[in-house]
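What follows is a single structure, written as structure tokens, with notes after it.
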Amino acid sequence: NFDNFKGTVTTKLALKFLILTFVRSGELRGARWEEFDFEKNEWRIPAERMKMKEQHIVPLSKQALDVLELAKKYSFNDGKEGLVFPSVSDVSKEMSDNTLSKAFRDQGYRGKATPHGMRATASTILNENGFKPDVIERQLAHCERNKVRASYNHVQYLQERREMMNWWGNFIEKLEGK
């Protein structure tokens, strides 16, 4: 819960979006408005910004879309182009990775949680709640390590991932007491 958060609104929204999407912090910090398809409720992260150099589709829950709507209000271009979560000192640059880490520390999570650790937290909770491991791993943009299986399995599990991300958004909302 970020009710008592002392940082900027943009940082608060970035943290919430990170929790709702559990992407890598670099993917979040580089997010551009042009990557979002609001008709399909998807974020398409280009291959060049992904660790494994493959485009990654992130289905967006209602809660994630709500964060983006708020972020548009603080955007210098009405959410049409440019960075979604820019640096406060220079809106043409990405927010610093340290900004997110510091925000976690300032919220009292020093030594307990990190931005990247949200990925493991989400994976653990989703596995505990019966979501298929392959679906979770695909949402984390993890590649199949078994080369034979990887050469045959190109499934995106998009419908299952949509359902999972909607469940996750509702789960986070309940944790916030909403």
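Identifiers in this document derive from the order of the structure tokens: chains are assigned A, B, ..., residues are numbered from 1 separately in each chain, and ligands are numbered from 1 in order of occurrence.
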
Report as a ChimeraX atom specification: the residues of stretch 9-174 of chain A with a DSSP assignment of helix (DSSP H, G or I), based on the backbone of this structure. /A:9-21,25-29,33-35,47-49,62-73,97-109,117-128,133-139,147-152,158-174

Filtered DSSP result for stretch 18-107 of chain A, state strand (DSSP E or B), as a PyMOL selection string: chain A and resi 32+36-37+42-45+56-59+83+86+94

Any chance you can output those residues with N, CA, C and O atoms as an mmCIF file, in the first residue's frame?
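Full text of again-v1.cif as output:
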data_model
loop_
_atom_site.group_PDB
_atom_site.id
_atom_site.type_symbol
_atom_site.label_atom_id
_atom_site.label_comp_id
_atom_site.auth_asym_id
_atom_site.auth_seq_id
_atom_site.Cartn_x
_atom_site.Cartn_y
_atom_site.Cartn_z
ATOM 1 N N ARG A 32 7.203 2.977 -23.192
ATOM 2 C CA ARG A 32 6.802 4.131 -23.997
ATOM 3 C C ARG A 32 5.322 3.992 -24.341
ATOM 4 O O ARG A 32 4.833 2.882 -24.555
ATOM 5 N N PHE A 36 1.745 0.563 -26.061
ATOM 6 C CA PHE A 36 0.485 0.106 -25.461
ATOM 7 C C PHE A 36 -0.640 0.081 -26.488
ATOM 8 O O PHE A 36 -0.828 1.027 -27.247
ATOM 9 N N ASP A 37 -1.372 -1.027 -26.482
ATOM 10 C CA ASP A 37 -2.561 -1.159 -27.319
ATOM 11 C C ASP A 37 -3.750 -1.180 -26.362
ATOM 12 O O ASP A 37 -4.043 -2.202 -25.726
ATOM 13 N N GLU A 42 -3.094 -4.508 -23.993
ATOM 14 C CA GLU A 42 -1.800 -5.168 -24.041
ATOM 15 C C GLU A 42 -0.674 -4.146 -24.079
ATOM 16 O O GLU A 42 -0.815 -3.065 -24.635
ATOM 17 N N TRP A 43 0.416 -4.577 -23.525
ATOM 18 C CA TRP A 43 1.667 -3.836 -23.625
ATOM 19 C C TRP A 43 2.610 -4.728 -24.411
ATOM 20 O O TRP A 43 2.913 -5.848 -23.988
ATOM 21 N N ARG A 44 3.064 -4.254 -25.555
ATOM 22 C CA ARG A 44 3.975 -5.022 -26.400
ATOM 23 C C ARG A 44 5.375 -4.422 -26.272
ATOM 24 O O ARG A 44 5.645 -3.372 -26.841
ATOM 25 N N ILE A 45 6.202 -5.099 -25.490
ATOM 26 C CA ILE A 45 7.563 -4.618 -25.261
ATOM 27 C C ILE A 45 8.426 -5.101 -26.429
ATOM 28 O O ILE A 45 8.518 -6.300 -26.681
ATOM 29 N N HIS A 56 7.766 -9.145 -26.128
ATOM 30 C CA HIS A 56 7.006 -9.710 -25.018
ATOM 31 C C HIS A 56 5.670 -8.987 -24.897
ATOM 32 O O HIS A 56 5.624 -7.763 -24.883
ATOM 33 N N ILE A 57 4.606 -9.761 -24.841
ATOM 34 C CA ILE A 57 3.271 -9.203 -24.693
ATOM 35 C C ILE A 57 2.866 -9.326 -23.228
ATOM 36 O O ILE A 57 2.923 -10.411 -22.650
ATOM 37 N N VAL A 58 2.454 -8.206 -22.640
ATOM 38 C CA VAL A 58 1.990 -8.187 -21.251
ATOM 39 C C VAL A 58 0.501 -7.847 -21.270
ATOM 40 O O VAL A 58 0.123 -6.715 -21.562
ATOM 41 N N PRO A 59 -0.376 -8.835 -20.977
ATOM 42 C CA PRO A 59 -1.801 -8.519 -20.854
ATOM 43 C C PRO A 59 -1.998 -7.593 -19.651
ATOM 44 O O PRO A 59 -1.384 -7.777 -18.605
ATOM 45 N N LEU A 83 8.110 8.478 -22.942
ATOM 46 C CA LEU A 83 8.223 7.602 -21.774
ATOM 47 C C LEU A 83 6.996 7.706 -20.870
ATOM 48 O O LEU A 83 6.469 8.788 -20.646
ATOM 49 N N PRO A 86 8.998 8.793 -16.842
ATOM 50 C CA PRO A 86 10.279 9.462 -17.061
ATOM 51 C C PRO A 86 10.959 9.881 -15.763
ATOM 52 O O PRO A 86 10.348 9.895 -14.696
ATOM 53 N N GLU A 94 14.854 8.038 -19.061
ATOM 54 C CA GLU A 94 14.190 7.038 -18.224
ATOM 55 C C GLU A 94 14.386 7.349 -16.747
ATOM 56 O O GLU A 94 15.412 7.893 -16.349
#

Closest pair table for stretch 60-148 of chain A residues within 9 Å of stretch 163-177 of chain A, only C-alpha atoms, as JSON lines:
{"residue": "A:Leu60", "atom": "CA", "partner": "A:Met165", "partner_atom": "CA", "distance": 6.8}
{"residue": "A:Ser61", "atom": "CA", "partner": "A:Asn166", "partner_atom": "CA", "distance": 4.8}
{"residue": "A:Lys62", "atom": "CA", "partner": "A:Asn166", "partner_atom": "CA", "distance": 7.1}
{"residue": "A:Gln63", "atom": "CA", "partner": "A:Gly169", "partner_atom": "CA", "distance": 5.7}
{"residue": "A:Ala64", "atom": "CA", "partner": "A:Gly169", "partner_atom": "CA", "distance": 7.3}
{"residue": "A:Ala122", "atom": "CA", "partner": "A:Trp168", "partner_atom": "CA", "distance": 8.2}
{"residue": "A:Leu126", "atom": "CA", "partner": "A:Trp168", "partner_atom": "CA", "distance": 7.8}
{"residue": "A:Phe131", "atom": "CA", "partner": "A:Met164", "partner_atom": "CA", "distance": 7.3}
{"residue": "A:Val135", "atom": "CA", "partner": "A:Met164", "partner_atom": "CA", "distance": 8.5}
{"residue": "A:Ile136", "atom": "CA", "partner": "A:Met164", "partner_atom": "CA", "distance": 8.3}
{"residue": "A:Gln139", "atom": "CA", "partner": "A:Met165", "partner_atom": "CA", "distance": 8.9}

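Proximity of A:Glu69, A:Lys132, A:Thr8, A:Gln156 to A:Gln55, computed with only C-alpha atoms, is greatest for A:Gln156.
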